[in-house]
Amino acid sequence: MVTEEQISAKLKEYIDPYLQTDLVDAKVLKKVGIDGDTVNLDLVFGYPINGYEATLSAALNEKLTTLDGVSQVTCNVSHKVVSHAAQKGVKHIDGVKNIIAVASGKGGVGKSTVAANLALALSADGAKVGMLDADIYGPSQPRMLGVSGQPKSGDGNSLEPMMSYHIQSMSIGYLIDEETPMIWRGPMVTQALEQLLKDTKWEELDYLIIDLPPGTGDTQLTLAQKIPVSGAVIITTPQDISLLDARKGLKMFEKVQVPVLGIVENMSIHICSNCGHEEHIFGEGGGVSLADEQDVDFLGSLPLDKRIREDADNGKPTVVADPDGAITKRYRDIGRHIVAKLSKQSKDYSAKFPSIKIVQ
């Protein structure tokens, strides 16, 4: 009869592609049950894996049935997202477990489109997700998420988040006319950002995605000083000028001691819709090189495809417009890499940054 030790040893041969370690060392394996020739596994992940569960179960079944005495494997897979470390001294936001900032050093790299699709990808995997549009001057999430109208206030003091595709969202774009320019100085912008975040009644979010404006200015500093951010994701394109600015954005988060979860390369390759020819219009391999240079994870690449733009303009991002498509699979894969990386972070922020100083 097979033993629990044999099963654990076999499971250590399976390296989770997102945690990048085996399920035993990752403490995902909670219980092993043996009933004759049937093995029952209880697996609890620290990140949502609804779209990965079937692949995982098949892989573990194939591996364990090579053991003598095992003919069937049942995987009971679940996930439990917990709050992870944020800056010391920054107050927790009610209803939000983790905040992930999506940033870029410059505009025009498709950051907002990537942020919207990543939020939807995490939701599709089973997470409760919110979106805060922090670009006060150029809010784009209302259009991308297909939301119109103004948020309600049940108590007169706080705002109810707007709902779209199971995503809770808040944006200055819900409070002003779409064509009204925001002619505000920096202090007004940062105050508005704080109010949008803290005065919204977020409902038990596993992840709140913050779509930051491009650059390294007041909004980003406010984020570091007053908002409990668990990690940041940098969006770039392969071209040198974009990589230069992405490097600045990455260094900014290092200086304000917000962990960078990794880099996403957008518009990495163009595939002709007529002939299928592939071309690296903006260069090749820049995101991977930057990740290697800065010793951060490369989370994945996304193509330059007109469908992504059309879907966003139509208020139905690609992840919901084409849930089984190849592009959606890329977004969901990148989303899992992000939250799996976050799930491995220390819950003690001071252990990561013992000498943290808030920049004034």
# chains A, B, ... in the order shown; residues from 1 in each chain; ligands from 1

call {"tool": "residues_around", "arguments": {"residues": "A:Ala224", "least_positions_apart": "5", "cutoff": "10 Å", "atoms": "only C-alpha atoms", "output": "PyMOL selection string"}}
result
chain A and resi 86-87+90+218-219+229+252-253+255-258+358-359

call {"tool": "closest_atom_pairs", "arguments": {"of": "stretch 103-196 of chain A", "to": "stretch 307-320 of chain A", "cutoff": "10 Å", "atoms": "only C-alpha atoms", "output": "Markdown table"}}
result
| residue | atom | partner | partner_atom | distance |
| --- | --- | --- | --- | --- |
| A:Gly110 | CA | A:Arg309 | CA | 9.1 |
| A:Ser112 | CA | A:Ala312 | CA | 9.5 |
| A:Thr113 | CA | A:Ala312 | CA | 6.7 |
| A:Val114 | CA | A:Ile308 | CA | 9.4 |
| A:Ala116 | CA | A:Pro317 | CA | 7.2 |
| A:Asn117 | CA | A:Val319 | CA | 5.8 |
| A:Leu118 | CA | A:Val319 | CA | 8.3 |
| A:Ala119 | CA | A:Val319 | CA | 9.4 |
| A:Leu120 | CA | A:Val319 | CA | 6.4 |
| A:Ala121 | CA | A:Val319 | CA | 6.4 |
| A:Ala124 | CA | A:Val319 | CA | 8.5 |
| A:Ser140 | CA | A:Ala312 | CA | 9.6 |
| A:Gln141 | CA | A:Gly315 | CA | 8.9 |
| A:Pro142 | CA | A:Gly315 | CA | 8.0 |
| A:Arg143 | CA | A:Gly315 | CA | 5.5 |
| A:Met144 | CA | A:Gly315 | CA | 4.4 |
| A:Leu145 | CA | A:Gly315 | CA | 5.0 |
| A:Gly146 | CA | A:Gly315 | CA | 3.9 |
| A:Val147 | CA | A:Gly315 | CA | 7.6 |
| A:Ser164 | CA | A:Lys316 | CA | 9.6 |
| A:Tyr165 | CA | A:Val320 | CA | 7.8 |

call {"tool": "closest_residue", "arguments": {"among": "A:Ser104, A:Gln168, A:Thr65, A:Asn274", "to": "A:Ile234", "atoms": "only C-alpha atoms"}}
result
A:Ser104

call {"tool": "closest_atom_pairs", "arguments": {"of": "stretch 81-168 of chain A", "to": "stretch 40-49 of chain A", "cutoff": "6 Å", "atoms": "only C-alpha atoms", "output": "JSON lines"}}
result
{"residue": "A:Val81", "atom": "CA", "partner": "A:Gly46", "partner_atom": "CA", "distance": 5.2}
{"residue": "A:Asp125", "atom": "CA", "partner": "A:Ile49", "partner_atom": "CA", "distance": 5.4}
{"residue": "A:Gly126", "atom": "CA", "partner": "A:Pro48", "partner_atom": "CA", "distance": 5.5}
{"residue": "A:Ala127", "atom": "CA", "partner": "A:Pro48", "partner_atom": "CA", "distance": 5.9}

call {"tool": "write_last_selection", "arguments": {"atoms": "all heavy atoms", "output": "JSON list (two decimals), in the first residue's frame"}}
result
[["chain", "number", "residue", "atom", "x", "y", "z"],
["A", 81, "VAL", "N", -7.28, 33.91, 0.04],
["A", 81, "VAL", "CA", -6.45, 35.10, -0.11],
["A", 81, "VAL", "C", -6.42, 35.85, 1.21],
["A", 81, "VAL", "O", -7.46, 36.13, 1.81],
["A", 81, "VAL", "CB", -7.01, 36.02, -1.22],
["A", 81, "VAL", "CG1", -6.16, 37.29, -1.33],
["A", 81, "VAL", "CG2", -7.04, 35.28, -2.56],
["A", 125, "ASP", "N", -10.79, 34.16, -12.29],
["A", 125, "ASP", "CA", -10.14, 33.08, -11.55],
["A", 125, "ASP", "C", -10.72, 32.87, -10.16],
["A", 125, "ASP", "O", -10.27, 31.98, -9.43],
["A", 125, "ASP", "CB", -8.64, 33.35, -11.45],
["A", 125, "ASP", "CG", -7.86, 32.67, -12.57],
["A", 125, "ASP", "OD1", -8.49, 32.12, -13.49],
["A", 125, "ASP", "OD2", -6.61, 32.68, -12.52],
["A", 126, "GLY", "N", -11.69, 33.72, -9.78],
["A", 126, "GLY", "CA", -12.38, 33.49, -8.51],
["A", 126, "GLY", "C", -12.13, 34.52, -7.43],
["A", 126, "GLY", "O", -12.59, 34.34, -6.30],
["A", 127, "ALA", "N", -11.42, 35.59, -7.75],
["A", 127, "ALA", "CA", -11.15, 36.63, -6.75],
["A", 127, "ALA", "C", -12.24, 37.69, -6.74],
["A", 127, "ALA", "O", -12.92, 37.90, -7.74],
["A", 127, "ALA", "CB", -9.79, 37.28, -7.02]]

call {"tool": "closest_atom_pairs", "arguments": {"of": "stretch 23-137 of chain A", "to": "stretch 203-215 of chain A", "cutoff": "6 Å", "atoms": "only C-alpha atoms", "output": "CSV"}}
result
residue,atom,partner,partner_atom,distance
A:Gly95,CA,A:Glu204,CA,4.4
A:Val96,CA,A:Leu205,CA,4.8
A:Lys97,CA,A:Asp206,CA,5.1
A:Asn98,CA,A:Tyr207,CA,4.9
A:Ile99,CA,A:Leu208,CA,4.8
A:Ile100,CA,A:Ile209,CA,5.0
A:Ala101,CA,A:Ile210,CA,4.7
A:Val102,CA,A:Asp211,CA,5.3
A:Ala103,CA,A:Leu212,CA,5.4
A:Ser104,CA,A:Pro214,CA,5.3
A:Gly105,CA,A:Gly215,CA,4.7
A:Lys106,CA,A:Pro214,CA,5.0
A:Gly107,CA,A:Pro214,CA,5.3
A:Lys128,CA,A:Leu205,CA,5.0
A:Val129,CA,A:Tyr207,CA,5.0
A:Gly130,CA,A:Leu208,CA,4.5
A:Met131,CA,A:Ile209,CA,4.8
A:Leu132,CA,A:Ile210,CA,4.8
A:Asp133,CA,A:Asp211,CA,5.1
A:Ala134,CA,A:Leu212,CA,5.0
A:Asp135,CA,A:Pro213,CA,4.6

call {"tool": "write_last_selection", "arguments": {"atoms": "N, CA and C atoms", "output": "mmCIF file, in the first residue's frame"}}
result
data_model
loop_
_atom_site.group_PDB
_atom_site.id
_atom_site.type_symbol
_atom_site.label_atom_id
_atom_site.label_comp_id
_atom_site.auth_asym_id
_atom_site.auth_seq_id
_atom_site.Cartn_x
_atom_site.Cartn_y
_atom_site.Cartn_z
ATOM 1 N N GLY A 95 -12.418 46.851 3.953
ATOM 2 C CA GLY A 95 -12.987 46.097 2.842
ATOM 3 C C GLY A 95 -11.999 45.700 1.771
ATOM 4 N N VAL A 96 -10.699 45.988 1.974
ATOM 5 C CA VAL A 96 -9.680 45.685 0.964
ATOM 6 C C VAL A 96 -8.537 44.898 1.601
ATOM 7 N N LYS A 97 -8.284 43.697 1.108
ATOM 8 C CA LYS A 97 -7.186 42.883 1.640
ATOM 9 C C LYS A 97 -5.840 43.307 1.076
ATOM 10 N N ASN A 98 -5.772 43.495 -0.248
ATOM 11 C CA ASN A 98 -4.500 43.813 -0.898
ATOM 12 C C ASN A 98 -4.702 44.860 -1.983
ATOM 13 N N ILE A 99 -3.767 45.800 -2.064
ATOM 14 C CA ILE A 99 -3.785 46.812 -3.109
ATOM 15 C C ILE A 99 -2.596 46.588 -4.028
ATOM 16 N N ILE A 100 -2.867 46.510 -5.328
ATOM 17 C CA ILE A 100 -1.823 46.325 -6.333
ATOM 18 C C ILE A 100 -1.851 47.523 -7.273
ATOM 19 N N ALA A 101 -0.729 48.239 -7.359
ATOM 20 C CA ALA A 101 -0.632 49.400 -8.241
ATOM 21 C C ALA A 101 -0.124 48.964 -9.608
ATOM 22 N N VAL A 102 -0.795 49.412 -10.653
ATOM 23 C CA VAL A 102 -0.342 49.161 -12.027
ATOM 24 C C VAL A 102 0.166 50.482 -12.577
ATOM 25 N N ALA A 103 1.453 50.502 -12.951
ATOM 26 C CA ALA A 103 2.105 51.767 -13.269
ATOM 27 C C ALA A 103 2.929 51.668 -14.544
ATOM 28 N N SER A 104 3.275 52.824 -15.069
ATOM 29 C CA SER A 104 4.204 52.903 -16.194
ATOM 30 C C SER A 104 4.993 54.184 -16.053
ATOM 31 N N GLY A 105 6.182 54.199 -16.600
ATOM 32 C CA GLY A 105 6.985 55.410 -16.519
ATOM 33 C C GLY A 105 6.515 56.484 -17.481
ATOM 34 N N LYS A 106 5.826 56.082 -18.560
ATOM 35 C CA LYS A 106 5.364 57.032 -19.578
ATOM 36 C C LYS A 106 3.985 56.625 -20.068
ATOM 37 N N GLY A 107 3.323 57.551 -20.741
ATOM 38 C CA GLY A 107 2.021 57.255 -21.312
ATOM 39 C C GLY A 107 2.140 56.532 -22.640
ATOM 40 N N LYS A 128 -12.384 38.368 -5.598
ATOM 41 C CA LYS A 128 -13.229 39.557 -5.532
ATOM 42 C C LYS A 128 -12.321 40.753 -5.792
ATOM 43 N N VAL A 129 -12.610 41.501 -6.856
ATOM 44 C CA VAL A 129 -11.666 42.500 -7.369
ATOM 45 C C VAL A 129 -12.334 43.866 -7.502
ATOM 46 N N GLY A 130 -11.540 44.889 -7.202
ATOM 47 C CA GLY A 130 -11.979 46.263 -7.415
ATOM 48 C C GLY A 130 -10.985 46.994 -8.292
ATOM 49 N N MET A 131 -11.433 48.091 -8.869
ATOM 50 C CA MET A 131 -10.581 48.926 -9.723
ATOM 51 C C MET A 131 -10.720 50.380 -9.296
ATOM 52 N N LEU A 132 -9.592 51.006 -8.932
ATOM 53 C CA LEU A 132 -9.579 52.437 -8.655
ATOM 54 C C LEU A 132 -8.834 53.135 -9.780
ATOM 55 N N ASP A 133 -9.528 54.000 -10.483
ATOM 56 C CA ASP A 133 -8.934 54.779 -11.566
ATOM 57 C C ASP A 133 -8.291 56.007 -10.939
ATOM 58 N N ALA A 134 -6.954 55.979 -10.798
ATOM 59 C CA ALA A 134 -6.239 57.061 -10.117
ATOM 60 C C ALA A 134 -5.780 58.155 -11.067
ATOM 61 N N ASP A 135 -6.122 58.048 -12.341
ATOM 62 C CA ASP A 135 -5.742 59.078 -13.299
ATOM 63 C C ASP A 135 -6.814 60.164 -13.283
#

call {"tool": "residues_around", "arguments": {"residues": "A:Met1", "least_positions_apart": "3", "cutoff": "8 Å", "atoms": "only C-alpha atoms", "output": "MDAnalysis selection string"}}
result
chainID A and resid 36:37 68:69

call {"tool": "atom_distance", "arguments": {"atom1": "atom CA of A:Ser123", "atom2": "atom CA of A:Ile167"}}
result
7.3 Å

call {"tool": "decode", "arguments": {"residues": "stretch 41-54 of chain A", "atoms": "all heavy atoms", "output": "compact mmCIF listing (two decimals), in the first residue's frame"}}
result
# COMPACT_ATOMS: atom_id res chain seq x y z
N LEU A 41 -6.35 14.48 -2.14
CA LEU A 41 -5.49 15.59 -1.77
C LEU A 41 -6.33 16.83 -1.46
O LEU A 41 -7.22 17.18 -2.23
CB LEU A 41 -4.53 15.93 -2.91
CG LEU A 41 -3.60 14.82 -3.42
CD1 LEU A 41 -2.78 15.34 -4.60
CD2 LEU A 41 -2.70 14.30 -2.31
N ASP A 42 -6.04 17.47 -0.34
CA ASP A 42 -6.63 18.76 -0.02
C ASP A 42 -5.57 19.83 -0.27
O ASP A 42 -4.52 19.83 0.40
CB ASP A 42 -7.09 18.82 1.44
CG ASP A 42 -8.36 18.02 1.67
OD1 ASP A 42 -8.97 17.57 0.68
OD2 ASP A 42 -8.75 17.84 2.84
N LEU A 43 -5.83 20.70 -1.23
CA LEU A 43 -4.87 21.73 -1.62
C LEU A 43 -5.50 23.11 -1.44
O LEU A 43 -6.60 23.37 -1.95
CB LEU A 43 -4.45 21.55 -3.08
CG LEU A 43 -3.89 20.17 -3.47
CD1 LEU A 43 -3.80 20.06 -4.99
CD2 LEU A 43 -2.53 19.96 -2.84
N VAL A 44 -4.82 23.99 -0.71
CA VAL A 44 -5.32 25.34 -0.49
C VAL A 44 -4.25 26.32 -0.96
O VAL A 44 -3.16 26.40 -0.37
CB VAL A 44 -5.67 25.61 0.98
CG1 VAL A 44 -6.21 27.03 1.14
CG2 VAL A 44 -6.70 24.59 1.48
N PHE A 45 -4.56 27.06 -2.01
CA PHE A 45 -3.63 28.03 -2.58
C PHE A 45 -3.86 29.41 -1.97
O PHE A 45 -4.97 29.74 -1.55
CB PHE A 45 -3.80 28.11 -4.10
CG PHE A 45 -3.22 26.95 -4.84
CD1 PHE A 45 -3.85 25.71 -4.87
CD2 PHE A 45 -2.01 27.08 -5.53
CE1 PHE A 45 -3.31 24.63 -5.54
CE2 PHE A 45 -1.46 26.01 -6.21
CZ PHE A 45 -2.11 24.79 -6.22
N GLY A 46 -2.81 30.22 -1.98
CA GLY A 46 -2.91 31.58 -1.47
C GLY A 46 -3.32 32.58 -2.53
O GLY A 46 -3.30 33.78 -2.31
N TYR A 47 -3.67 32.09 -3.71
CA TYR A 47 -4.13 32.93 -4.80
C TYR A 47 -5.22 32.19 -5.57
O TYR A 47 -5.27 30.96 -5.54
CB TYR A 47 -2.98 33.31 -5.74
CG TYR A 47 -2.37 32.15 -6.49
CD1 TYR A 47 -2.75 31.87 -7.80
CD2 TYR A 47 -1.40 31.34 -5.92
CE1 TYR A 47 -2.20 30.81 -8.51
CE2 TYR A 47 -0.83 30.27 -6.61
CZ TYR A 47 -1.24 30.02 -7.90
OH TYR A 47 -0.69 28.96 -8.60
N PRO A 48 -6.14 32.89 -6.24
CA PRO A 48 -7.26 32.24 -6.93
C PRO A 48 -6.79 31.49 -8.17
O PRO A 48 -5.98 32.01 -8.95
CB PRO A 48 -8.19 33.40 -7.31
CG PRO A 48 -7.28 34.59 -7.38
CD PRO A 48 -6.22 34.37 -6.34
N ILE A 49 -7.30 30.27 -8.37
CA ILE A 49 -6.79 29.43 -9.46
C ILE A 49 -7.90 28.74 -10.24
O ILE A 49 -7.68 27.68 -10.84
CB ILE A 49 -5.80 28.37 -8.94
CG1 ILE A 49 -6.52 27.37 -8.02
CG2 ILE A 49 -4.63 28.99 -8.23
CD1 ILE A 49 -5.75 26.10 -7.82
N ASN A 50 -9.08 29.35 -10.29
CA ASN A 50 -10.20 28.67 -10.96
C ASN A 50 -9.88 28.23 -12.39
O ASN A 50 -10.30 27.17 -12.83
CB ASN A 50 -11.42 29.59 -10.98
CG ASN A 50 -12.10 29.67 -9.63
OD1 ASN A 50 -11.57 29.16 -8.64
ND2 ASN A 50 -13.25 30.30 -9.56
N GLY A 51 -9.12 29.03 -13.12
CA GLY A 51 -8.83 28.68 -14.50
C GLY A 51 -7.68 27.72 -14.67
O GLY A 51 -7.37 27.30 -15.79
N TYR A 52 -7.03 27.38 -13.57
CA TYR A 52 -5.84 26.53 -13.59
C TYR A 52 -6.09 25.19 -12.90
O TYR A 52 -5.31 24.25 -13.00
CB TYR A 52 -4.71 27.32 -12.91
CG TYR A 52 -3.49 26.56 -12.47
CD1 TYR A 52 -2.78 25.75 -13.35
CD2 TYR A 52 -3.00 26.71 -11.17
CE1 TYR A 52 -1.63 25.07 -12.94
CE2 TYR A 52 -1.85 26.05 -10.76
CZ TYR A 52 -1.18 25.23 -11.65
OH TYR A 52 -0.05 24.57 -11.24
N GLU A 53 -7.23 25.09 -12.23
CA GLU A 53 -7.53 23.92 -11.39
C GLU A 53 -7.55 22.62 -12.19
O GLU A 53 -6.98 21.61 -11.75
CB GLU A 53 -8.89 24.15 -10.71
CG GLU A 53 -9.29 23.06 -9.75
CD GLU A 53 -10.61 23.38 -9.07
OE1 GLU A 53 -11.03 24.55 -9.09
OE2 GLU A 53 -11.22 22.44 -8.54
N ALA A 54 -8.19 22.61 -13.35
CA ALA A 54 -8.29 21.37 -14.13
C ALA A 54 -6.92 20.91 -14.62
O ALA A 54 -6.60 19.70 -14.57
CB ALA A 54 -9.23 21.58 -15.33
